[in-house]
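K.L.:
Just one file: model-v2.cif, with mmCIF, C-alpha atoms.
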data_work
#
loop_
_atom_site.label_atom_id
_atom_site.label_comp_id
_atom_site.auth_asym_id
_atom_site.auth_seq_id
_atom_site.Cartn_x
_atom_site.Cartn_y
_atom_site.Cartn_z
CA MET R 1 19.49 -18.83 63.50
CA GLY R 2 17.61 -18.52 66.75
CA THR R 3 19.59 -15.65 68.26
CA ASN R 4 18.85 -11.96 68.06
CA LEU R 5 21.86 -9.99 66.86
CA ASP R 6 21.31 -7.37 69.54
CA ASP R 7 21.64 -10.05 72.21
CA ILE R 8 25.30 -10.68 71.40
CA LYS R 9 26.40 -7.46 69.69
CA PRO R 10 28.92 -5.55 71.84
CA GLU R 11 27.05 -2.92 73.81
CA ARG R 12 30.11 -0.94 74.95
CA PRO R 13 31.34 1.37 72.19
CA ASP R 14 34.54 1.90 74.20
CA ILE R 15 35.42 -1.80 74.40
CA PRO R 16 39.18 -2.13 73.68
CA LEU R 17 39.88 -3.44 70.19
CA GLN R 18 41.82 -6.46 71.42
CA ASP R 19 38.88 -7.45 73.62
CA LEU R 20 36.54 -7.00 70.67
CA LEU R 21 38.74 -9.19 68.48
CA ARG R 22 38.73 -11.88 71.17
CA GLU R 23 34.93 -11.75 71.25
CA ILE R 24 34.74 -12.08 67.47
CA ARG R 25 37.18 -14.99 67.38
CA ALA R 26 35.09 -16.73 70.03
CA CYS R 27 31.84 -16.09 68.11
CA ARG R 28 29.64 -19.16 67.61
CA HIS R 29 26.59 -17.38 66.19
CA CYS R 30 26.48 -19.40 62.93
CA GLU R 31 27.98 -22.61 64.31
CA ALA R 32 25.07 -24.84 63.34
CA GLN R 33 25.38 -23.83 59.68
CA LEU R 34 29.16 -24.14 59.29
CA PRO R 35 30.30 -27.52 57.88
CA LEU R 36 33.85 -27.17 59.25
CA GLY R 37 32.81 -25.38 62.42
CA PRO R 38 33.51 -21.79 63.41
CA ARG R 39 36.96 -20.29 62.96
CA PRO R 40 36.66 -16.52 62.51
CA VAL R 41 39.57 -15.16 60.47
CA LEU R 42 40.29 -11.43 60.52
CA ARG R 43 42.96 -8.86 61.37
CA ALA R 44 42.60 -5.32 62.63
CA SER R 45 44.43 -2.61 64.55
CA ASP R 46 43.57 0.89 65.64
CA GLY R 47 46.39 2.24 63.46
CA ALA R 48 45.36 0.48 60.24
CA ARG R 49 45.17 2.77 57.22
CA LEU R 50 43.94 0.26 54.66
CA LEU R 51 40.99 -2.10 55.14
CA ILE R 52 40.38 -5.04 52.81
CA VAL R 53 36.82 -6.35 52.87
CA GLY R 54 36.52 -9.63 51.03
CA GLN R 55 33.95 -12.41 50.92
CA ALA R 56 34.65 -15.29 53.34
CA PRO R 57 37.52 -17.69 54.02
CA GLY R 58 38.02 -20.68 51.78
CA THR R 59 39.11 -24.08 53.07
CA ARG R 60 42.83 -23.25 52.94
CA VAL R 61 42.33 -20.04 54.91
CA HIS R 62 40.12 -21.91 57.38
CA ALA R 63 42.85 -24.52 57.86
CA THR R 64 45.68 -22.02 58.37
CA GLY R 65 43.83 -19.12 60.00
CA ILE R 66 45.71 -16.75 57.68
CA PRO R 67 43.49 -14.52 55.49
CA TRP R 68 44.07 -14.51 51.74
CA ASN R 69 46.55 -17.37 52.13
CA ASP R 70 45.64 -18.89 48.77
CA PRO R 71 45.89 -18.22 45.01
CA SER R 72 43.28 -15.45 45.33
CA GLY R 73 45.55 -13.75 47.83
CA ASP R 74 48.53 -14.12 45.51
CA ARG R 75 46.66 -12.28 42.77
CA LEU R 76 45.39 -9.63 45.18
CA ARG R 77 48.92 -8.94 46.41
CA GLN R 78 50.02 -8.65 42.79
CA TRP R 79 47.34 -6.00 42.19
CA LEU R 80 48.43 -4.17 45.32
CA GLU R 81 52.11 -4.61 44.45
CA MET R 82 52.77 -5.80 47.99
CA SER R 83 54.95 -8.52 49.44
CA ARG R 84 53.46 -10.99 51.91
CA GLU R 85 55.34 -9.23 54.70
CA GLU R 86 53.79 -5.87 53.78
CA PHE R 87 50.35 -7.38 53.27
CA TYR R 88 50.28 -9.07 56.66
CA ASP R 89 51.49 -6.05 58.63
CA ASP R 90 48.31 -5.65 60.64
CA SER R 91 49.56 -2.41 62.18
CA GLN R 92 48.90 -0.89 58.74
CA ILE R 93 46.44 -3.22 56.97
CA ALA R 94 43.19 -4.62 58.36
CA ILE R 95 41.46 -7.62 56.78
CA VAL R 96 37.79 -7.96 57.69
CA PRO R 97 35.73 -10.19 55.37
CA MET R 98 31.97 -10.10 55.04
CA GLY R 99 31.85 -13.54 56.64
CA PHE R 100 34.56 -14.51 59.11
CA CYS R 101 34.14 -18.31 58.81
CA TYR R 102 34.21 -20.78 55.92
CA PRO R 103 30.56 -21.02 54.82
CA GLY R 104 30.66 -24.34 53.00
CA ARG R 105 30.49 -25.48 49.41
CA GLY R 106 27.68 -24.89 46.93
CA LYS R 107 27.02 -26.11 43.39
CA SER R 108 29.28 -23.53 41.74
CA GLY R 109 31.84 -22.77 44.44
CA ASP R 110 31.82 -21.64 48.04
CA LEU R 111 28.52 -20.51 49.51
CA PRO R 112 27.86 -16.80 50.15
CA PRO R 113 29.15 -15.36 53.42
CA PRO R 114 26.73 -15.82 56.33
CA PRO R 115 24.39 -12.80 56.28
CA ASP R 116 24.64 -11.96 59.99
CA CYS R 117 28.41 -11.52 60.22
CA ALA R 118 28.81 -8.03 58.79
CA PRO R 119 25.74 -6.49 60.53
CA LEU R 120 26.91 -8.04 63.78
CA TRP R 121 30.51 -6.85 63.84
CA HIS R 122 31.58 -4.46 61.06
CA ASP R 123 30.26 -1.17 62.44
CA THR R 124 31.90 -1.73 65.81
CA LEU R 125 35.19 -2.72 64.17
CA LEU R 126 35.20 0.39 61.98
CA GLN R 127 34.74 2.58 65.06
CA HIS R 128 38.04 1.16 66.32
CA MET R 129 39.94 2.00 63.13
CA PRO R 130 39.87 5.82 62.92
CA GLN R 131 43.02 6.03 60.78
CA LEU R 132 41.54 4.24 57.76
CA GLU R 133 42.16 6.08 54.50
CA LEU R 134 40.95 3.47 52.01
CA ILE R 135 38.55 0.52 52.09
CA LEU R 136 38.92 -2.03 49.30
CA LEU R 137 35.62 -3.74 48.53
CA VAL R 138 36.52 -7.07 46.98
CA GLY R 139 33.57 -8.66 45.24
CA SER R 140 29.86 -7.96 45.06
CA TYR R 141 28.95 -8.89 48.65
CA ALA R 142 31.28 -6.26 50.12
CA GLN R 143 30.18 -3.71 47.53
CA ASP R 144 26.48 -4.28 48.17
CA HIS R 145 26.99 -3.89 51.91
CA TYR R 146 29.07 -0.72 51.82
CA LEU R 147 27.84 0.98 48.65
CA GLY R 148 24.25 -0.25 48.62
CA LYS R 149 22.67 -2.84 46.38
CA SER R 150 22.66 -1.93 42.72
CA ARG R 151 21.25 -3.19 39.44
CA GLU R 152 24.66 -2.58 37.90
CA THR R 153 26.88 -5.49 37.04
CA LEU R 154 30.08 -5.84 39.02
CA ALA R 155 32.00 -4.67 35.94
CA GLN R 156 29.89 -1.52 35.67
CA ARG R 157 30.40 -0.69 39.33
CA VAL R 158 34.14 -1.34 39.26
CA GLN R 159 34.41 0.82 36.14
CA ARG R 160 32.94 3.67 38.19
CA PHE R 161 35.63 3.31 40.84
CA ARG R 162 36.41 7.04 40.76
CA ASP R 163 32.86 7.80 41.94
CA PHE R 164 33.58 6.10 45.28
CA ALA R 165 36.92 7.76 45.99
CA PRO R 166 38.64 8.52 48.24
CA ARG R 167 37.03 6.28 50.89
CA PHE R 168 36.18 3.18 48.86
CA LEU R 169 37.55 1.32 45.86
CA PRO R 170 35.55 -1.62 44.43
CA LEU R 171 37.44 -4.58 42.99
CA PRO R 172 36.47 -7.88 41.39
CA HIS R 173 37.32 -10.97 43.37
CA PRO R 174 40.87 -12.12 42.50
CA SER R 175 39.86 -15.79 42.47
CA PRO R 176 41.29 -17.95 39.67
CA ARG R 177 37.64 -18.50 38.73
CA ASN R 178 37.59 -14.87 37.56
CA THR R 179 40.46 -15.23 35.10
CA LEU R 180 38.03 -15.19 32.17
CA TRP R 181 36.37 -12.03 33.56
CA LEU R 182 39.77 -10.33 33.68
CA ARG R 183 40.50 -11.32 30.09
CA ARG R 184 37.15 -9.94 28.95
CA ASN R 185 37.66 -6.70 30.87
CA PRO R 186 41.25 -5.63 30.12
CA TRP R 187 40.44 -2.07 31.25
CA PHE R 188 40.60 -3.32 34.85
CA GLU R 189 44.33 -4.03 34.80
CA GLU R 190 44.98 -1.10 32.44
CA GLU R 191 43.09 1.56 34.46
CA VAL R 192 41.96 0.38 37.88
CA VAL R 193 45.06 -1.45 39.06
CA PRO R 194 47.42 1.48 38.29
CA ALA R 195 45.00 3.87 40.03
CA LEU R 196 44.89 1.55 43.03
CA ARG R 197 48.68 1.45 43.21
CA ARG R 198 48.90 5.24 42.99
CA ARG R 199 46.42 5.58 45.86
CA LEU R 200 48.39 3.10 47.96
CA ALA R 201 51.58 5.04 47.26
CA GLU R 202 49.88 8.11 48.74
CA ILE R 203 48.82 6.17 51.84
CA PHE R 204 52.13 4.33 52.28
CA PRO R 205 54.77 6.72 50.88
#
Would it be possible to restate this file's structure as structure tokens?
P.N.:
Amino acid sequence: MGTNLDDIKPERPDIPLQDLLREIRACRHCEAQLPLGPRPVLRASDGARLLIVGQAPGTRVHATGIPWNDPSGDRLRQWLEMSREEFYDDSQIAIVPMGFCYPGRGKSGDLPPPPDCAPLWHDTLLQHMPQLELILLVGSYAQDHYLGKSRETLAQRVQRFRDFAPRFLPLPHPSPRNTLWLRRNPWFEEEVVPALRRRLAEIFP
């Protein structure tokens, strides 16, 4: 991409979070590769207790600037048993995808998130969210980044969700494209979703 990450990565660990968010929203690091141009979409606060790490915005999220503002978000909120008002309370819930901008379309859906986004910004963002109690890793890109790459299938890793507690909880992507996966893996909604809701009830009594 022609730019060294260290050249634009924030050097001040004590940079205020709001200033950091402004820097991220002004980021143009991947501009040449983004078909709709850069529009970083994320939410964070220093009091957030839940962090949702997804993949990258789709076209609807890019257009509105509102994360998970699509059918995938509807299903995710159903899993979480949260209203839109609760979900978008950024004083409690942070939303930081692996890629902040819409990456474009591939042969079988949206392209993967740009690879520089998470290494560039995630560590610094996490330093500004000391109250986090749970990080939801939605999809394989988030899981590979935070849990390490694995030869396991996504289903195998999600089935081992207890092994990553209490800090992390891996989830499949709630995209309508994964409806068949959910039908083939009924244990997810029978075991993982109730465990997720119990954990959220502990965090948000």
K.L.:
Would you mind listing what lies within 6 Å of stretch 92-105 of chain R as JSON, numbers by chain, with all atoms listed in the file counted and same-chain residues fewer than 2 positions away left out?
P.N.:
{"R": [34, 35, 38, 39, 40, 41, 42, 43, 44, 48, 49, 50, 51, 52, 53, 54, 55, 56, 57, 58, 89, 90, 109, 110, 111, 113, 114, 117, 118]}
K.L.:
Measure the distance from atom CA of R:Gln18 to atom CA of R:Ser45 in Å and round it to one decimal.
P.N.:
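Answer for the atom CA of R:Gln18 to atom CA of R:Ser45 separation: 8.3 Å.
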K.L.:
Report, in Å to a single decimal, how far apart atom CA of R:Ile135 and atom CA of R:Pro166 are.
P.N.:
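That distance, rounded to one decimal, is 8.9 Å.
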K.L.:
So, counting all atoms listed in the file, which residue among R:Arg199, R:Arg183, R:His29, R:His173 is closest to R:Pro115?
P.N.:
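Closest to R:Pro115 of all the choices is R:His29.
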K.L.:
Selected by the PyMOL selection byres ((chain R and resi 191) around 12) in the shown coordinates: which residues, as a PyMOL selection string?
P.N.:
chain R and resi 79+158-162+171+185-190+192-198
K.L.:
Which residue out of R:Leu17, R:Cys30, R:Leu76, R:Leu137 has the minimum interatomic distance to R:Phe164 when all atoms listed in the file are used?
P.N.:
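That would be R:Leu137, the residue with the smallest distance to R:Phe164.
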K.L.:
Would you compute the distance between atom CA of R:Pro67 and atom CA of R:Gly106? Give it in Å to one decimal.
P.N.:
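According to the coordinates, atom CA of R:Pro67 and atom CA of R:Gly106 are separated by 20.8 Å.
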K.L.:
Pick out the closest residue to R:Leu182 from this set: R:Arg75, R:His145, R:Arg167, R:Arg84. Count all atoms listed in the file.
P.N.:
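Closest candidate: R:Arg75.
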K.L.:
So, counting all atoms listed in the file, which residue among R:Leu154, R:Ser175, R:Pro130, R:Leu21 is closest to R:Asn69?
P.N.:
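Ranked by minimum distance to R:Asn69, first place goes to R:Ser175.
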K.L.:
Return the single residue from R:Gly37, R:Pro71, R:Pro16, R:Gly65 that is closest to R:Thr179, with distances computed using only C-alpha atoms.
P.N.:
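Checking each of R:Gly37, R:Pro71, R:Pro16, R:Gly65 against R:Thr179, counting only C-alpha atoms, the winner is R:Pro71.
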K.L.:
Report the residues retrieved by the PyMOL selection byres ((chain R and resi 139) around 6) from the displayed file, expressed as a list of chain:residue names.
P.N.:
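Expected selection for the PyMOL selection byres ((chain R and resi 139) around 6) here is R:Val138, R:Ser140, R:Tyr141, R:Ala142, R:Pro172, R:His173.
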K.L.:
Written as a ChimeraX atom specification, which residues does the PyMOL selection byres ((chain R and resi 123) around 12) give for the file shown?
P.N.:
/R:9-11,13,20,96,98,117-122,124-130,145-146
K.L.:
Write stretch 161-183 of chain R as a compact mmCIF listing (two decimals), in the coordinates of the input, completed to N, CA and C atoms.
P.N.:
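As written to disk, out-v3.txt reads:
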# COMPACT_ATOMS: atom_id res chain seq x y z
N PHE R 161 34.88 3.27 39.59
CA PHE R 161 35.63 3.31 40.84
C PHE R 161 35.93 4.73 41.31
N ARG R 162 36.10 5.65 40.37
CA ARG R 162 36.41 7.04 40.76
C ARG R 162 35.25 7.69 41.52
N ASP R 163 34.03 7.21 41.27
CA ASP R 163 32.86 7.80 41.94
C ASP R 163 32.85 7.51 43.44
N PHE R 164 33.60 6.50 43.87
CA PHE R 164 33.58 6.10 45.28
C PHE R 164 34.81 6.57 46.04
N ALA R 165 35.70 7.24 45.36
CA ALA R 165 36.92 7.76 45.99
C ALA R 165 36.57 8.94 46.90
N PRO R 166 37.40 9.21 47.89
CA PRO R 166 38.64 8.52 48.24
C PRO R 166 38.47 7.40 49.27
N ARG R 167 37.25 7.22 49.79
CA ARG R 167 37.03 6.28 50.89
C ARG R 167 37.04 4.83 50.43
N PHE R 168 36.38 4.56 49.30
CA PHE R 168 36.18 3.18 48.86
C PHE R 168 36.78 2.96 47.47
N LEU R 169 37.14 1.71 47.21
CA LEU R 169 37.55 1.32 45.86
C LEU R 169 37.05 -0.10 45.63
N PRO R 170 36.08 -0.28 44.70
CA PRO R 170 35.55 -1.62 44.43
C PRO R 170 36.46 -2.41 43.50
N LEU R 171 36.61 -3.69 43.79
CA LEU R 171 37.44 -4.58 42.99
C LEU R 171 36.67 -5.87 42.69
N PRO R 172 36.99 -6.53 41.59
CA PRO R 172 36.47 -7.88 41.39
C PRO R 172 37.18 -8.82 42.35
N HIS R 173 36.63 -10.00 42.54
CA HIS R 173 37.32 -10.97 43.37
C HIS R 173 38.52 -11.52 42.59
N PRO R 174 39.68 -11.65 43.22
CA PRO R 174 40.87 -12.12 42.50
C PRO R 174 40.95 -13.63 42.36
N SER R 175 39.87 -14.33 42.58
CA SER R 175 39.86 -15.79 42.47
C SER R 175 40.29 -16.24 41.08
N PRO R 176 40.98 -17.38 40.99
CA PRO R 176 41.29 -17.95 39.67
C PRO R 176 40.04 -18.18 38.83
N ARG R 177 38.89 -18.33 39.48
CA ARG R 177 37.64 -18.50 38.73
C ARG R 177 37.30 -17.26 37.91
N ASN R 178 37.89 -16.12 38.26
CA ASN R 178 37.59 -14.87 37.56
C ASN R 178 38.61 -14.54 36.48
N THR R 179 39.46 -15.48 36.14
CA THR R 179 40.46 -15.23 35.10
C THR R 179 39.80 -14.84 33.78
N LEU R 180 38.72 -15.51 33.42
CA LEU R 180 38.03 -15.19 32.17
C LEU R 180 37.45 -13.78 32.24
N TRP R 181 36.90 -13.39 33.39
CA TRP R 181 36.37 -12.03 33.56
C TRP R 181 37.48 -11.01 33.32
N LEU R 182 38.66 -11.26 33.85
CA LEU R 182 39.77 -10.33 33.68
C LEU R 182 40.19 -10.24 32.21
N ARG R 183 40.15 -11.34 31.50
CA ARG R 183 40.50 -11.32 30.09
C ARG R 183 39.47 -10.53 29.28
